[in-house]
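Next comes upload-v9.cif, a file with mmCIF, N, CA and C atoms.
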```cif
data_input
loop_
_atom_site.label_atom_id
_atom_site.label_comp_id
_atom_site.auth_asym_id
_atom_site.auth_seq_id
_atom_site.Cartn_x
_atom_site.Cartn_y
_atom_site.Cartn_z
N MET P 10 3.05 88.88 94.43
CA MET P 10 3.30 88.85 95.86
C MET P 10 4.79 88.70 96.17
N ALA P 11 5.46 87.88 95.36
CA ALA P 11 6.88 87.65 95.60
C ALA P 11 7.67 88.94 95.43
N GLY P 12 7.29 89.78 94.47
CA GLY P 12 7.96 91.06 94.27
C GLY P 12 7.81 91.97 95.47
N TYR P 13 6.61 91.99 96.05
CA TYR P 13 6.35 92.80 97.24
C TYR P 13 7.21 92.33 98.40
N HIS P 14 7.28 91.02 98.57
CA HIS P 14 8.10 90.44 99.65
C HIS P 14 9.57 90.82 99.45
N SER P 15 10.02 90.74 98.21
CA SER P 15 11.39 91.08 97.88
C SER P 15 11.70 92.54 98.21
N LEU P 16 10.75 93.42 97.92
CA LEU P 16 10.93 94.84 98.24
C LEU P 16 11.02 95.06 99.75
N LEU P 17 10.20 94.34 100.51
CA LEU P 17 10.25 94.45 101.96
C LEU P 17 11.60 93.99 102.50
N VAL P 18 12.08 92.88 101.97
CA VAL P 18 13.37 92.35 102.41
C VAL P 18 14.49 93.34 102.04
N GLN P 19 14.45 93.85 100.83
CA GLN P 19 15.47 94.81 100.40
C GLN P 19 15.47 96.06 101.27
N GLY P 20 14.27 96.53 101.60
CA GLY P 20 14.17 97.71 102.47
C GLY P 20 14.72 97.44 103.86
N ALA P 21 14.41 96.28 104.40
CA ALA P 21 14.92 95.92 105.72
C ALA P 21 16.43 95.76 105.70
N LEU P 22 16.96 95.19 104.63
CA LEU P 22 18.41 95.04 104.52
C LEU P 22 19.11 96.39 104.38
N ALA P 23 18.50 97.29 103.62
CA ALA P 23 19.07 98.63 103.46
C ALA P 23 19.09 99.36 104.80
N ARG P 24 18.02 99.20 105.57
CA ARG P 24 17.96 99.83 106.90
C ARG P 24 19.01 99.24 107.82
N LEU P 25 19.20 97.94 107.75
CA LEU P 25 20.22 97.28 108.57
C LEU P 25 21.62 97.80 108.22
N ALA P 26 21.90 97.94 106.94
CA ALA P 26 23.19 98.47 106.51
C ALA P 26 23.39 99.90 107.00
N GLU P 27 22.32 100.68 106.95
CA GLU P 27 22.38 102.07 107.43
C GLU P 27 22.67 102.12 108.93
N LEU P 28 22.03 101.26 109.68
CA LEU P 28 22.26 101.21 111.13
C LEU P 28 23.68 100.75 111.45
N GLU P 29 24.20 99.83 110.67
CA GLU P 29 25.58 99.37 110.87
C GLU P 29 26.56 100.52 110.66
N ALA P 30 26.34 101.30 109.62
CA ALA P 30 27.20 102.46 109.36
C ALA P 30 27.09 103.47 110.50
N GLN P 31 25.88 103.70 110.99
CA GLN P 31 25.69 104.63 112.10
C GLN P 31 26.40 104.13 113.36
N SER P 32 26.41 102.82 113.58
CA SER P 32 27.10 102.24 114.73
C SER P 32 28.59 102.54 114.67
N ALA P 33 29.16 102.45 113.48
CA ALA P 33 30.58 102.74 113.32
C ALA P 33 30.87 104.21 113.62
N VAL P 34 29.98 105.08 113.17
CA VAL P 34 30.15 106.52 113.42
C VAL P 34 30.09 106.79 114.93
N VAL P 35 29.12 106.21 115.60
CA VAL P 35 28.98 106.41 117.05
C VAL P 35 30.22 105.86 117.77
N PHE P 36 30.68 104.68 117.38
CA PHE P 36 31.88 104.09 117.98
C PHE P 36 33.07 105.03 117.82
N ALA P 37 33.27 105.55 116.61
CA ALA P 37 34.39 106.45 116.35
C ALA P 37 34.26 107.75 117.14
N GLU P 38 33.05 108.27 117.25
CA GLU P 38 32.83 109.48 118.04
C GLU P 38 33.09 109.24 119.52
N GLN P 39 32.73 108.05 120.01
CA GLN P 39 33.01 107.71 121.41
C GLN P 39 34.52 107.68 121.65
N GLN P 40 35.25 107.13 120.69
CA GLN P 40 36.71 107.06 120.84
C GLN P 40 37.30 108.47 120.90
N GLN P 41 36.80 109.36 120.05
CA GLN P 41 37.29 110.73 120.07
C GLN P 41 36.94 111.42 121.38
N ALA P 42 35.73 111.17 121.89
CA ALA P 42 35.32 111.77 123.17
C ALA P 42 36.23 111.29 124.30
N LEU P 43 36.61 110.03 124.28
CA LEU P 43 37.53 109.51 125.30
C LEU P 43 38.89 110.19 125.21
N ILE P 44 39.38 110.41 124.00
CA ILE P 44 40.66 111.11 123.82
C ILE P 44 40.55 112.54 124.31
N ASP P 45 39.43 113.19 124.02
CA ASP P 45 39.23 114.57 124.48
C ASP P 45 39.22 114.61 126.01
N LEU P 46 38.55 113.65 126.63
CA LEU P 46 38.53 113.57 128.10
C LEU P 46 39.92 113.32 128.64
N GLU P 47 40.64 112.45 128.00
CA GLU P 47 41.99 112.13 128.45
C GLU P 47 42.91 113.35 128.37
N THR P 48 42.75 114.13 127.32
CA THR P 48 43.55 115.34 127.16
C THR P 48 43.30 116.32 128.30
N VAL P 49 42.03 116.51 128.64
CA VAL P 49 41.66 117.41 129.74
C VAL P 49 42.15 116.84 131.07
N SER P 50 41.96 115.56 131.28
CA SER P 50 42.37 114.92 132.53
C SER P 50 43.88 115.03 132.73
N THR P 51 44.63 114.80 131.67
CA THR P 51 46.09 114.91 131.76
C THR P 51 46.50 116.35 132.06
N ALA P 52 45.84 117.30 131.42
CA ALA P 52 46.14 118.71 131.66
C ALA P 52 45.86 119.10 133.11
N LEU P 53 44.91 118.40 133.73
CA LEU P 53 44.57 118.68 135.13
C LEU P 53 45.45 117.89 136.11
N GLY P 54 46.39 117.11 135.58
CA GLY P 54 47.35 116.43 136.45
C GLY P 54 47.14 114.94 136.64
N ASP P 55 46.12 114.36 136.04
CA ASP P 55 45.88 112.92 136.18
C ASP P 55 46.65 112.19 135.09
N THR P 56 47.98 112.15 135.22
CA THR P 56 48.81 111.57 134.17
C THR P 56 48.68 110.05 134.08
N SER P 57 48.21 109.39 135.12
CA SER P 57 48.05 107.94 135.07
C SER P 57 46.68 107.53 134.52
N ASN P 58 45.78 108.49 134.40
CA ASN P 58 44.40 108.25 133.95
C ASN P 58 43.60 107.38 134.91
N GLU P 59 44.10 107.19 136.11
CA GLU P 59 43.38 106.37 137.09
C GLU P 59 42.02 106.98 137.43
N PHE P 60 42.01 108.28 137.70
CA PHE P 60 40.75 108.94 138.05
C PHE P 60 39.83 109.04 136.83
N LEU P 61 40.42 109.23 135.67
CA LEU P 61 39.62 109.28 134.45
C LEU P 61 38.93 107.95 134.21
N ALA P 62 39.63 106.86 134.39
CA ALA P 62 39.03 105.54 134.21
C ALA P 62 37.86 105.36 135.18
N LEU P 63 38.03 105.83 136.41
CA LEU P 63 36.93 105.76 137.38
C LEU P 63 35.73 106.58 136.91
N ASP P 64 36.00 107.79 136.43
CA ASP P 64 34.92 108.66 135.95
C ASP P 64 34.21 108.07 134.73
N VAL P 65 34.98 107.53 133.80
CA VAL P 65 34.40 106.92 132.61
C VAL P 65 33.55 105.71 133.02
N ALA P 66 34.09 104.91 133.92
CA ALA P 66 33.36 103.72 134.39
C ALA P 66 32.02 104.12 135.01
N ALA P 67 32.04 105.12 135.86
CA ALA P 67 30.82 105.56 136.52
C ALA P 67 29.83 106.16 135.52
N SER P 68 30.34 106.93 134.59
CA SER P 68 29.49 107.58 133.60
C SER P 68 28.84 106.59 132.64
N CYS P 69 29.57 105.55 132.29
CA CYS P 69 29.08 104.58 131.29
C CYS P 69 28.47 103.33 131.92
N GLY P 70 28.57 103.21 133.24
CA GLY P 70 28.03 102.03 133.90
C GLY P 70 28.81 100.77 133.59
N ILE P 71 30.13 100.92 133.52
CA ILE P 71 31.01 99.79 133.22
C ILE P 71 32.06 99.66 134.31
N ALA P 72 32.78 98.57 134.30
CA ALA P 72 33.84 98.35 135.27
C ALA P 72 35.03 99.26 134.97
N GLN P 73 35.80 99.58 135.99
CA GLN P 73 36.98 100.42 135.79
C GLN P 73 37.96 99.75 134.82
N SER P 74 38.10 98.45 134.90
CA SER P 74 39.02 97.75 133.99
C SER P 74 38.54 97.88 132.54
N THR P 75 37.24 97.85 132.34
CA THR P 75 36.68 98.02 131.00
C THR P 75 36.93 99.44 130.50
N ALA P 76 36.78 100.39 131.39
CA ALA P 76 37.05 101.79 131.03
C ALA P 76 38.52 101.97 130.65
N THR P 77 39.40 101.32 131.37
CA THR P 77 40.83 101.40 131.07
C THR P 77 41.11 100.83 129.68
N VAL P 78 40.48 99.71 129.36
CA VAL P 78 40.64 99.11 128.03
C VAL P 78 40.09 100.05 126.96
N ARG P 79 38.95 100.64 127.22
CA ARG P 79 38.36 101.57 126.23
C ARG P 79 39.26 102.78 126.00
N LEU P 80 39.86 103.28 127.05
CA LEU P 80 40.78 104.41 126.89
C LEU P 80 41.99 104.01 126.05
N ARG P 81 42.51 102.82 126.30
CA ARG P 81 43.65 102.33 125.51
C ARG P 81 43.26 102.17 124.05
N GLN P 82 42.08 101.59 123.80
CA GLN P 82 41.62 101.40 122.42
C GLN P 82 41.38 102.74 121.74
N ALA P 83 40.89 103.71 122.48
CA ALA P 83 40.67 105.04 121.90
C ALA P 83 41.99 105.65 121.45
N ARG P 84 43.01 105.56 122.31
CA ARG P 84 44.34 106.07 121.93
C ARG P 84 44.84 105.36 120.68
N GLN P 85 44.66 104.06 120.66
CA GLN P 85 45.13 103.25 119.54
C GLN P 85 44.43 103.67 118.24
N LEU P 86 43.11 103.78 118.28
CA LEU P 86 42.36 104.11 117.06
C LEU P 86 42.61 105.54 116.62
N VAL P 87 42.46 106.49 117.53
CA VAL P 87 42.53 107.90 117.15
C VAL P 87 43.95 108.35 116.84
N GLN P 88 44.90 107.89 117.63
CA GLN P 88 46.27 108.39 117.48
C GLN P 88 47.15 107.50 116.61
N THR P 89 46.96 106.17 116.70
CA THR P 89 47.85 105.26 115.98
C THR P 89 47.27 104.83 114.64
N LEU P 90 45.96 104.79 114.54
CA LEU P 90 45.28 104.36 113.31
C LEU P 90 44.34 105.45 112.81
N PRO P 91 44.87 106.64 112.55
CA PRO P 91 43.99 107.78 112.23
C PRO P 91 43.19 107.62 110.94
N ARG P 92 43.73 106.94 109.95
CA ARG P 92 42.96 106.75 108.71
C ARG P 92 41.77 105.83 108.94
N LEU P 93 41.97 104.81 109.74
CA LEU P 93 40.88 103.90 110.10
C LEU P 93 39.81 104.66 110.89
N HIS P 94 40.26 105.51 111.81
CA HIS P 94 39.33 106.33 112.59
C HIS P 94 38.51 107.24 111.67
N ALA P 95 39.17 107.84 110.70
CA ALA P 95 38.47 108.73 109.76
C ALA P 95 37.41 107.96 108.96
N LEU P 96 37.75 106.74 108.53
CA LEU P 96 36.77 105.93 107.81
C LEU P 96 35.58 105.56 108.70
N ALA P 97 35.87 105.29 109.95
CA ALA P 97 34.80 104.96 110.89
C ALA P 97 33.87 106.15 111.09
N LEU P 98 34.44 107.34 111.17
CA LEU P 98 33.63 108.55 111.31
C LEU P 98 32.71 108.76 110.11
N GLU P 99 33.10 108.22 108.96
CA GLU P 99 32.28 108.30 107.75
C GLU P 99 31.29 107.14 107.64
N GLY P 100 31.41 106.16 108.56
CA GLY P 100 30.55 104.99 108.50
C GLY P 100 30.97 104.02 107.41
N ALA P 101 32.22 104.13 106.97
CA ALA P 101 32.71 103.32 105.85
C ALA P 101 33.36 102.01 106.26
N VAL P 102 33.38 101.74 107.55
CA VAL P 102 33.94 100.49 108.06
C VAL P 102 33.03 100.00 109.18
N HIS P 103 32.90 98.71 109.32
CA HIS P 103 32.00 98.16 110.33
C HIS P 103 32.67 98.09 111.70
N VAL P 104 31.86 98.19 112.74
CA VAL P 104 32.37 98.13 114.11
C VAL P 104 33.12 96.81 114.35
N GLY P 105 32.60 95.73 113.84
CA GLY P 105 33.28 94.44 114.00
C GLY P 105 34.67 94.45 113.38
N GLN P 106 34.79 95.09 112.23
CA GLN P 106 36.09 95.20 111.58
C GLN P 106 37.02 96.07 112.42
N LEU P 107 36.50 97.17 112.94
CA LEU P 107 37.30 98.05 113.79
C LEU P 107 37.83 97.30 115.00
N LYS P 108 36.95 96.59 115.67
CA LYS P 108 37.34 95.87 116.87
C LYS P 108 38.35 94.77 116.56
N ALA P 109 38.18 94.10 115.43
CA ALA P 109 39.13 93.06 115.04
C ALA P 109 40.52 93.64 114.78
N ILE P 110 40.57 94.78 114.11
CA ILE P 110 41.85 95.44 113.84
C ILE P 110 42.47 95.95 115.14
N LEU P 111 41.65 96.52 116.00
CA LEU P 111 42.16 96.99 117.29
C LEU P 111 42.73 95.83 118.10
N GLU P 112 42.02 94.72 118.10
CA GLU P 112 42.51 93.55 118.84
C GLU P 112 43.79 93.01 118.23
N ALA P 113 43.84 92.95 116.91
CA ALA P 113 45.01 92.40 116.23
C ALA P 113 46.26 93.26 116.42
N THR P 114 46.06 94.56 116.61
CA THR P 114 47.21 95.47 116.75
C THR P 114 47.42 95.95 118.18
N ALA P 115 46.69 95.38 119.11
CA ALA P 115 46.73 95.86 120.51
C ALA P 115 48.13 95.85 121.11
N ASP P 116 48.90 94.82 120.82
CA ASP P 116 50.24 94.71 121.40
C ASP P 116 51.33 95.12 120.43
N SER P 117 50.95 95.71 119.32
CA SER P 117 51.91 96.14 118.30
C SER P 117 52.52 97.49 118.66
N THR P 118 53.69 97.72 118.12
CA THR P 118 54.27 99.05 118.23
C THR P 118 53.46 99.98 117.33
N PRO P 119 53.52 101.28 117.56
CA PRO P 119 52.81 102.20 116.67
C PRO P 119 53.24 102.04 115.21
N GLU P 120 54.52 101.74 114.99
CA GLU P 120 55.02 101.57 113.63
C GLU P 120 54.38 100.35 112.97
N THR P 121 54.30 99.25 113.72
CA THR P 121 53.69 98.04 113.17
C THR P 121 52.21 98.26 112.91
N ALA P 122 51.53 98.91 113.85
CA ALA P 122 50.10 99.19 113.65
C ALA P 122 49.89 100.06 112.42
N ALA P 123 50.78 101.03 112.20
CA ALA P 123 50.68 101.89 111.02
C ALA P 123 50.89 101.08 109.74
N GLN P 124 51.78 100.09 109.79
CA GLN P 124 52.00 99.23 108.64
C GLN P 124 50.75 98.38 108.35
N VAL P 125 50.13 97.88 109.41
CA VAL P 125 48.89 97.11 109.24
C VAL P 125 47.83 98.00 108.62
N GLU P 126 47.69 99.21 109.15
CA GLU P 126 46.70 100.15 108.60
C GLU P 126 46.98 100.43 107.12
N ALA P 127 48.23 100.64 106.78
CA ALA P 127 48.59 100.92 105.39
C ALA P 127 48.29 99.73 104.48
N ALA P 128 48.52 98.53 105.00
CA ALA P 128 48.23 97.33 104.21
C ALA P 128 46.73 97.13 104.01
N LEU P 129 45.96 97.46 105.02
CA LEU P 129 44.51 97.27 104.95
C LEU P 129 43.82 98.40 104.19
N LEU P 130 44.40 99.58 104.25
CA LEU P 130 43.79 100.77 103.64
C LEU P 130 44.73 101.39 102.64
N PRO P 131 44.94 100.77 101.50
CA PRO P 131 45.87 101.34 100.53
C PRO P 131 45.43 102.75 100.12
N ALA P 132 46.41 103.56 99.86
CA ALA P 132 46.14 104.97 99.51
C ALA P 132 45.36 105.12 98.24
#
```
Write out the structure in this file as structure tokens.
Amino acid sequence: MAGYHSLLVQGALARLAELEAQSAVVFAEQQQALIDLETVSTALGDTSNEFLALDVAASCGIAQSTATVRLRQARQLVQTLPRLHALALEGAVHVGQLKAILEATADSTPETAAQVEAALLPA
């Protein structure tokens, strides 16, 4: 009986790990979608992203300030931390780790953020 219980636990843990990886992929894809939207919005003349933040907020059911933060984080992850973004797209990093790195580098220069990424993700 103990072996059967162990198999059930192992299966549940494997499923949990799989879902965690999928969460990272979805998070990374959302960041890319925000960048794609920002590119189109800027091309249409919304250089401040004010209207984009409103549209994102309405579409996602979040506050405009939250949408603004998400847009900033998307730029940071996709443009400033591209290797980390690529790992997230593969499900090779956890969402919690992504968010911690984004928070830790939020006020960093792009150069400093790149140094952090290089230190965390050796070639």
Exercise. So which residues touch segment 98-110 of chain P within 5 Å, counting all atoms listed in the file, skipping near sequence neighbours fewer than 5 positions away, as a PyMOL selection string?
Worked result: chain P and resi 30+33-34
Problem set entry | Atomic distance atom C of Leu63 of chain P - atom CA of Thr77 of chain P, expressed in Å with one decimal |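 A separation of 9.3 Å between them.
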For this session: Measure the distance from atom C of Val65 of chain P to atom C of Leu43 of chain P in Å and round it to one decimal.
Result: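 Here the two named atoms are 10.5 Å from each other.
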Exercise. Could you write out, as an NGL selection string, all the residues of chain P that DSSP marks as helix (DSSP H, G or I)?
Worked result: :P and (11-52 or 59-69 or 73-89 or 91-98 or 104-113 or 119-129)
For this session: In Å, rounded to a single decimal, give me how far atom CA of Cys69 of chain P is from atom CA of Gly54 of chain P.
Result: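 Those two atoms sit 22.4 Å apart.
Considering all atoms listed in the file, the residue among P:Leu111, P:Glu47, P:Glu126, P:Ala23 positioned nearest to Leu86 of chain P is P:Leu111.
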How big is the axis-aligned box around all listed atoms of segment 15-25 of chain P once 3 Å goes on each side, and where's its centre, in Å to one decimal, as lines of an AutoDock Vina configuration file?
```
center_x = 15.8
center_y = 95.3
center_z = 103.2
size_x = 17.6
size_y = 15.1
size_z = 16.7
```
Find the residues of segment 70-107 of chain P that sit at most 6.5 Å from segment 35-40 of chain P; for each, write down the nearest two atoms and how far apart they are in Å, to one decimal. Count all atoms listed in the file. Sort by chain, then by number going up, and give it as CSV.
```
residue,atom,partner,partner_atom,distance
P:Gln82,C,P:Gln40,CA,6.4
P:Ala83,CA,P:Gln40,CA,4.6
P:Val87,CA,P:Gln40,C,6.5
P:His94,CA,P:Ala37,CA,6.2
P:Ala97,C,P:Ala37,CA,5.3
P:Leu98,N,P:Ala37,CA,5.3
```
Problem set entry | All residues 10 Å or closer to Leu129 of chain P, only C-alpha atoms, same chain fewer than 4 positions away omitted, as a list in words | Leu93, Ile110, Ala123, Gln124 and Val125 of chain P
Problem set entry | Nearest to Ser74 of chain P by atom-to-atom distance, counting only C-alpha atoms, from P:Leu90, P:Leu17, P:Leu61, P:Ala26 |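 Looking at the shortest contact to Ser74 of chain P, the residue is P:Leu61.
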